[in-house]
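Student: Take a look at the following structure, please.
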Amino acid sequence: MRKVYPRGPLSYFRRSKFCSILFTLSFILLCFVFLIYENGNVVEIPSYESPANQEKYSEQDLSYRKLPTELNALDFFGSRRHNRNLQHLYSKDLFDEKRKKDLTTMIYKKGRNQMKSERKVVSNLQQRGLFNVPKKTIAAKVGDTPSSQEVTDYYNFEGYRTTSSDDSVESEQIGVPCKKLPKVIIIGVKKCGTRALLEFLRIHPEVKATGPEPHFFDRYYDHGLEWYRDLMPETNDEQTTIEKTPRYFVTKEVPKRVFNMSRDVKLVLIVRDPVTRAISDYTQVASKRASMKPFEQMALSNNHTGLVDTSWPVIKIGIYAKHLEEWLRYFPLEQFHFVNGENIVKNPSEEMFKLQDFLGLRRYINDSHFYMNDTRGFPCIQKTGSKYPHCLVGTKGRKHPYVDPNVIKRLQDFYRPFNKKFYQMTNIDFGWP
Ligand SMILES: Nc1ncnc2c1ncn2[C@@H]1O[C@H](COP(=O)(O)OS(=O)(=O)O)[C@@H](OP(=O)(O)O)[C@H]1O
């Protein structure tokens, strides 16, 4: 007997044997669409140790390559450069256990009204793997990530200062003078006027500097950051902590170590003609060692060929381009300031104006602070309220020995291409012969 099916648009599907197949296919398609949508909103954070990831970071902007990969999450906030604060929250180096504990305590100490939003930030940070969440594949939805504003608020909690990286490891209270890690380091160059530069800077009421050279990053790195911080003078919130250790510039491991302390630190270099620098360096060494060979013999590895002895540190230090290259692997050029070592003797206030501008300090140090001591041939400091000028000790500005002009010429020829490279790297022509 013939079956009679009800009429209507669905009647065909109901009797068709493809009906169930079509239904299944539609369901699969729907699932597929849903999966694609979800994938667009979820980030898989790769493991920090994965070789693929390490490769990715080494290819990218070098200033980010040492960071844990949780920072991949920064992609969600747009440009990484605009989220420097956030980076420091994510940095394993800086965000130590103690700091986590301190911050958590502070957050929960605050009033009820604010607690809700702050908890949200904490919970978001937990999702990013900062607060004891297992590191491996953390999936976070776009909508749940903290906004830049939230991160800024997070830094603005009472008792904490804001914005810069080394602040993120400090937990000192506002207004109370305390020891802080330096924001500015005079990294070199030896015998180019580093002491004069530091003493001139010290005139500024908003600058506090260490006395002796700390040599933390080159000699005492194993003593730890707290040891280093303890060497610093106490400063209030308006003051900048500065130290100088000229050996930093030429010690290969130092740029990375400084970077690990703070990627925002300002780096100051004072440079002078590398030939004069070498003679100055030799003069200092020779003053302590009576049996030292003459400069000419030390500088040339072979008198007949006239080859320069590049293994002698006194010569090596003057290849500024080579050393700067190491630093530029970690810090952008904008974080450096180059002081002209010849000009600071002739016109100290001009160099100090430029430096104060670079450091964001008001132009306090000016002509009135300097007095040219004609006997010594160097400017001395005229402190306000003090009758007498302050000159650097006699070991600065020593008389140099006579050096054969042929050897000087040979050294000038040797340094010339390196100097040229240095001018290109810094965009400054120092005009050395
Ligand atoms: N105002 C003032 N007073 C004295 N000396 C001055 C000054 N400005 C720059 N210089 C030059 O500084 C040179 C010493 O450099 P440094 O201080 O960097 O030396 S060190 O690396 O700390 O040993 C030192 O080098 P020498 O002349 O060879 O002694 C000076 O030329």
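We label chains A, B, ... in the order they appear in the structure tokens, count residues from 1 in each chain, and number ligands from 1 in the order shown.
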From a DSSP calculation on the backbone, collect every residue of range 258-386 of chain A in strand (DSSP E) and output the set as a VMD selection string.

Tutor: chain A and resid 266 to 271 300 to 302 307 to 308 336 to 340 370 to 373 378 to 381

Student: As a ChimeraX atom specification, please: the residues near range 360-372 of chain A (cut-off 9 Å, only C-alpha atoms, same-chain neighbours under 4 positions excluded).

Tutor: /A:200-201,203-207,345-350,352-356,376-384,389-390

Student: Since we have the selection now, will you write its residues out, keeping C-alpha atoms, as a short mmCIF file (atom, residue, chain, number, x, y, z; two decimals), in the first residue's frame?

Tutor:
data_model
loop_
_atom_site.label_atom_id
_atom_site.label_comp_id
_atom_site.auth_asym_id
_atom_site.auth_seq_id
_atom_site.Cartn_x
_atom_site.Cartn_y
_atom_site.Cartn_z
CA PHE A 200 79.95 67.88 39.25
CA LEU A 201 76.64 66.04 39.26
CA ILE A 203 76.31 69.61 43.15
CA HIS A 204 72.69 69.08 42.16
CA PRO A 205 70.40 68.91 45.20
CA GLU A 206 68.32 66.22 43.49
CA VAL A 207 71.28 63.92 43.02
CA VAL A 345 87.40 70.54 30.93
CA LYS A 346 86.91 73.58 28.67
CA ASN A 347 83.23 74.21 29.23
CA PRO A 348 81.87 72.18 32.15
CA SER A 349 78.52 73.97 32.40
CA GLU A 350 77.69 73.25 28.76
CA MET A 352 76.34 69.62 32.57
CA PHE A 353 73.33 71.34 30.97
CA LYS A 354 73.09 68.55 28.42
CA LEU A 355 73.42 65.92 31.10
CA GLN A 356 70.83 67.50 33.39
CA ARG A 376 96.11 72.75 37.45
CA GLY A 377 94.45 73.45 34.14
CA PHE A 378 91.15 71.95 35.25
CA PRO A 379 87.86 73.37 36.41
CA CYS A 380 87.17 73.11 40.12
CA ILE A 381 83.83 73.30 41.91
CA GLN A 382 82.75 76.54 43.51
CA LYS A 383 80.14 75.51 46.05
CA THR A 384 77.57 78.07 47.12
CA PRO A 389 86.87 76.05 45.30
CA HIS A 390 86.94 72.27 45.49
#

Student: Any residue with an atom at most 9 Å from ligand 1 counts, using only C-alpha atoms and all ligand atoms. Which are they? Put them as a ChimeraX atom specification.

Tutor: /A:188-200,213,244-247,270-271,276-284,341-346,348,372-373,376-381,391-400

Student: One number please: CA of Lys183 in chain A to CA of Asp429 in chain A, in Å, one decimal.

Tutor: 27.1 Å

Student: Please determine, counting only C-alpha atoms, which residue among A:Trp432, A:Tyr423, A:Phe414, A:Phe331 has the shortest atom-to-atom distance to Asn260 in chain A.

Tutor: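 Distance minimum relative to Asn260 in chain A lands on A:Phe331.
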
Student: Write down as a PyMOL selection string the residues belonging to range 299-351 of chain A that are assigned alpha helix (DSSP H) by DSSP computed on the backbone.

Tutor: chain A and resi 299+313-316+320-328+343-346+348-351

Student: For the residues in the current selection, export C-alpha atoms as a PDB file, in the first residue's frame.

Tutor:
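Writing the result to out-v3.pdb gives the following:
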ATOM      1  CA  ALA A 299     101.733  50.045  22.995  1.00  0.00           C
ATOM      2  CA  PRO A 313      94.061  46.513  28.244  1.00  0.00           C
ATOM      3  CA  VAL A 314      95.253  50.116  28.048  1.00  0.00           C
ATOM      4  CA  ILE A 315      94.786  49.912  24.266  1.00  0.00           C
ATOM      5  CA  LYS A 316      91.718  47.668  24.317  1.00  0.00           C
ATOM      6  CA  TYR A 320      84.813  52.285  22.323  1.00  0.00           C
ATOM      7  CA  ALA A 321      82.689  50.986  19.424  1.00  0.00           C
ATOM      8  CA  LYS A 322      83.406  47.397  20.386  1.00  0.00           C
ATOM      9  CA  HIS A 323      82.362  47.844  23.997  1.00  0.00           C
ATOM     10  CA  LEU A 324      79.338  49.941  23.153  1.00  0.00           C
ATOM     11  CA  GLU A 325      78.161  47.215  20.819  1.00  0.00           C
ATOM     12  CA  GLU A 326      77.785  44.875  23.798  1.00  0.00           C
ATOM     13  CA  TRP A 327      75.682  47.424  25.655  1.00  0.00           C
ATOM     14  CA  LEU A 328      73.483  48.133  22.667  1.00  0.00           C
ATOM     15  CA  ASN A 343      84.735  69.706  26.494  1.00  0.00           C
ATOM     16  CA  ILE A 344      83.971  69.075  30.167  1.00  0.00           C
ATOM     17  CA  VAL A 345      87.400  70.543  30.934  1.00  0.00           C
ATOM     18  CA  LYS A 346      86.910  73.580  28.671  1.00  0.00           C
ATOM     19  CA  PRO A 348      81.869  72.181  32.149  1.00  0.00           C
ATOM     20  CA  SER A 349      78.521  73.971  32.403  1.00  0.00           C
ATOM     21  CA  GLU A 350      77.693  73.248  28.758  1.00  0.00           C
ATOM     22  CA  GLU A 351      78.212  69.509  29.284  1.00  0.00           C
TER      23      GLU A 351
END

Student: A:His223, A:Val407, A:Ile21, A:Lys256: which is nearest Asp309 in chain A, counting only C-alpha atoms?

Tutor: A:Val407

Student: Give me, as a ChimeraX atom specification, all polymer residues having an atom no more than 10 Å from Met232 in chain A, counting only C-alpha atoms and skipping those fewer than 5 positions away in the same chain.

Tutor: /A:178-182,208-211,214,227,241-243

Student: What separation in Å, quoted to one decimal, exists between CA of Phe422 in chain A and CA of Gly318 in chain A?

Tutor: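 CA of Phe422 in chain A sits 10.7 Å away from CA of Gly318 in chain A.
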
Student: Distance CA of Ala286 in chain A-CA of Pro417 in chain A, one decimal place?

Tutor: 28.2 Å

Student: Nearest to Asp218 in chain A among A:Asn302, A:Val254, A:Glu238, A:Phe249, with distances taken over only C-alpha atoms: which residue is it?

Tutor: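 For Asp218 in chain A, the nearest of the given residues is A:Val254.
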
Student: Would you please work out which residue, of A:Lys252, A:Arg416, A:His337, A:Arg202, is nearest to Lys266 in chain A when using only C-alpha atoms?

Tutor: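 Once distances to Lys266 in chain A are computed over only C-alpha atoms, the minimum belongs to A:His337.
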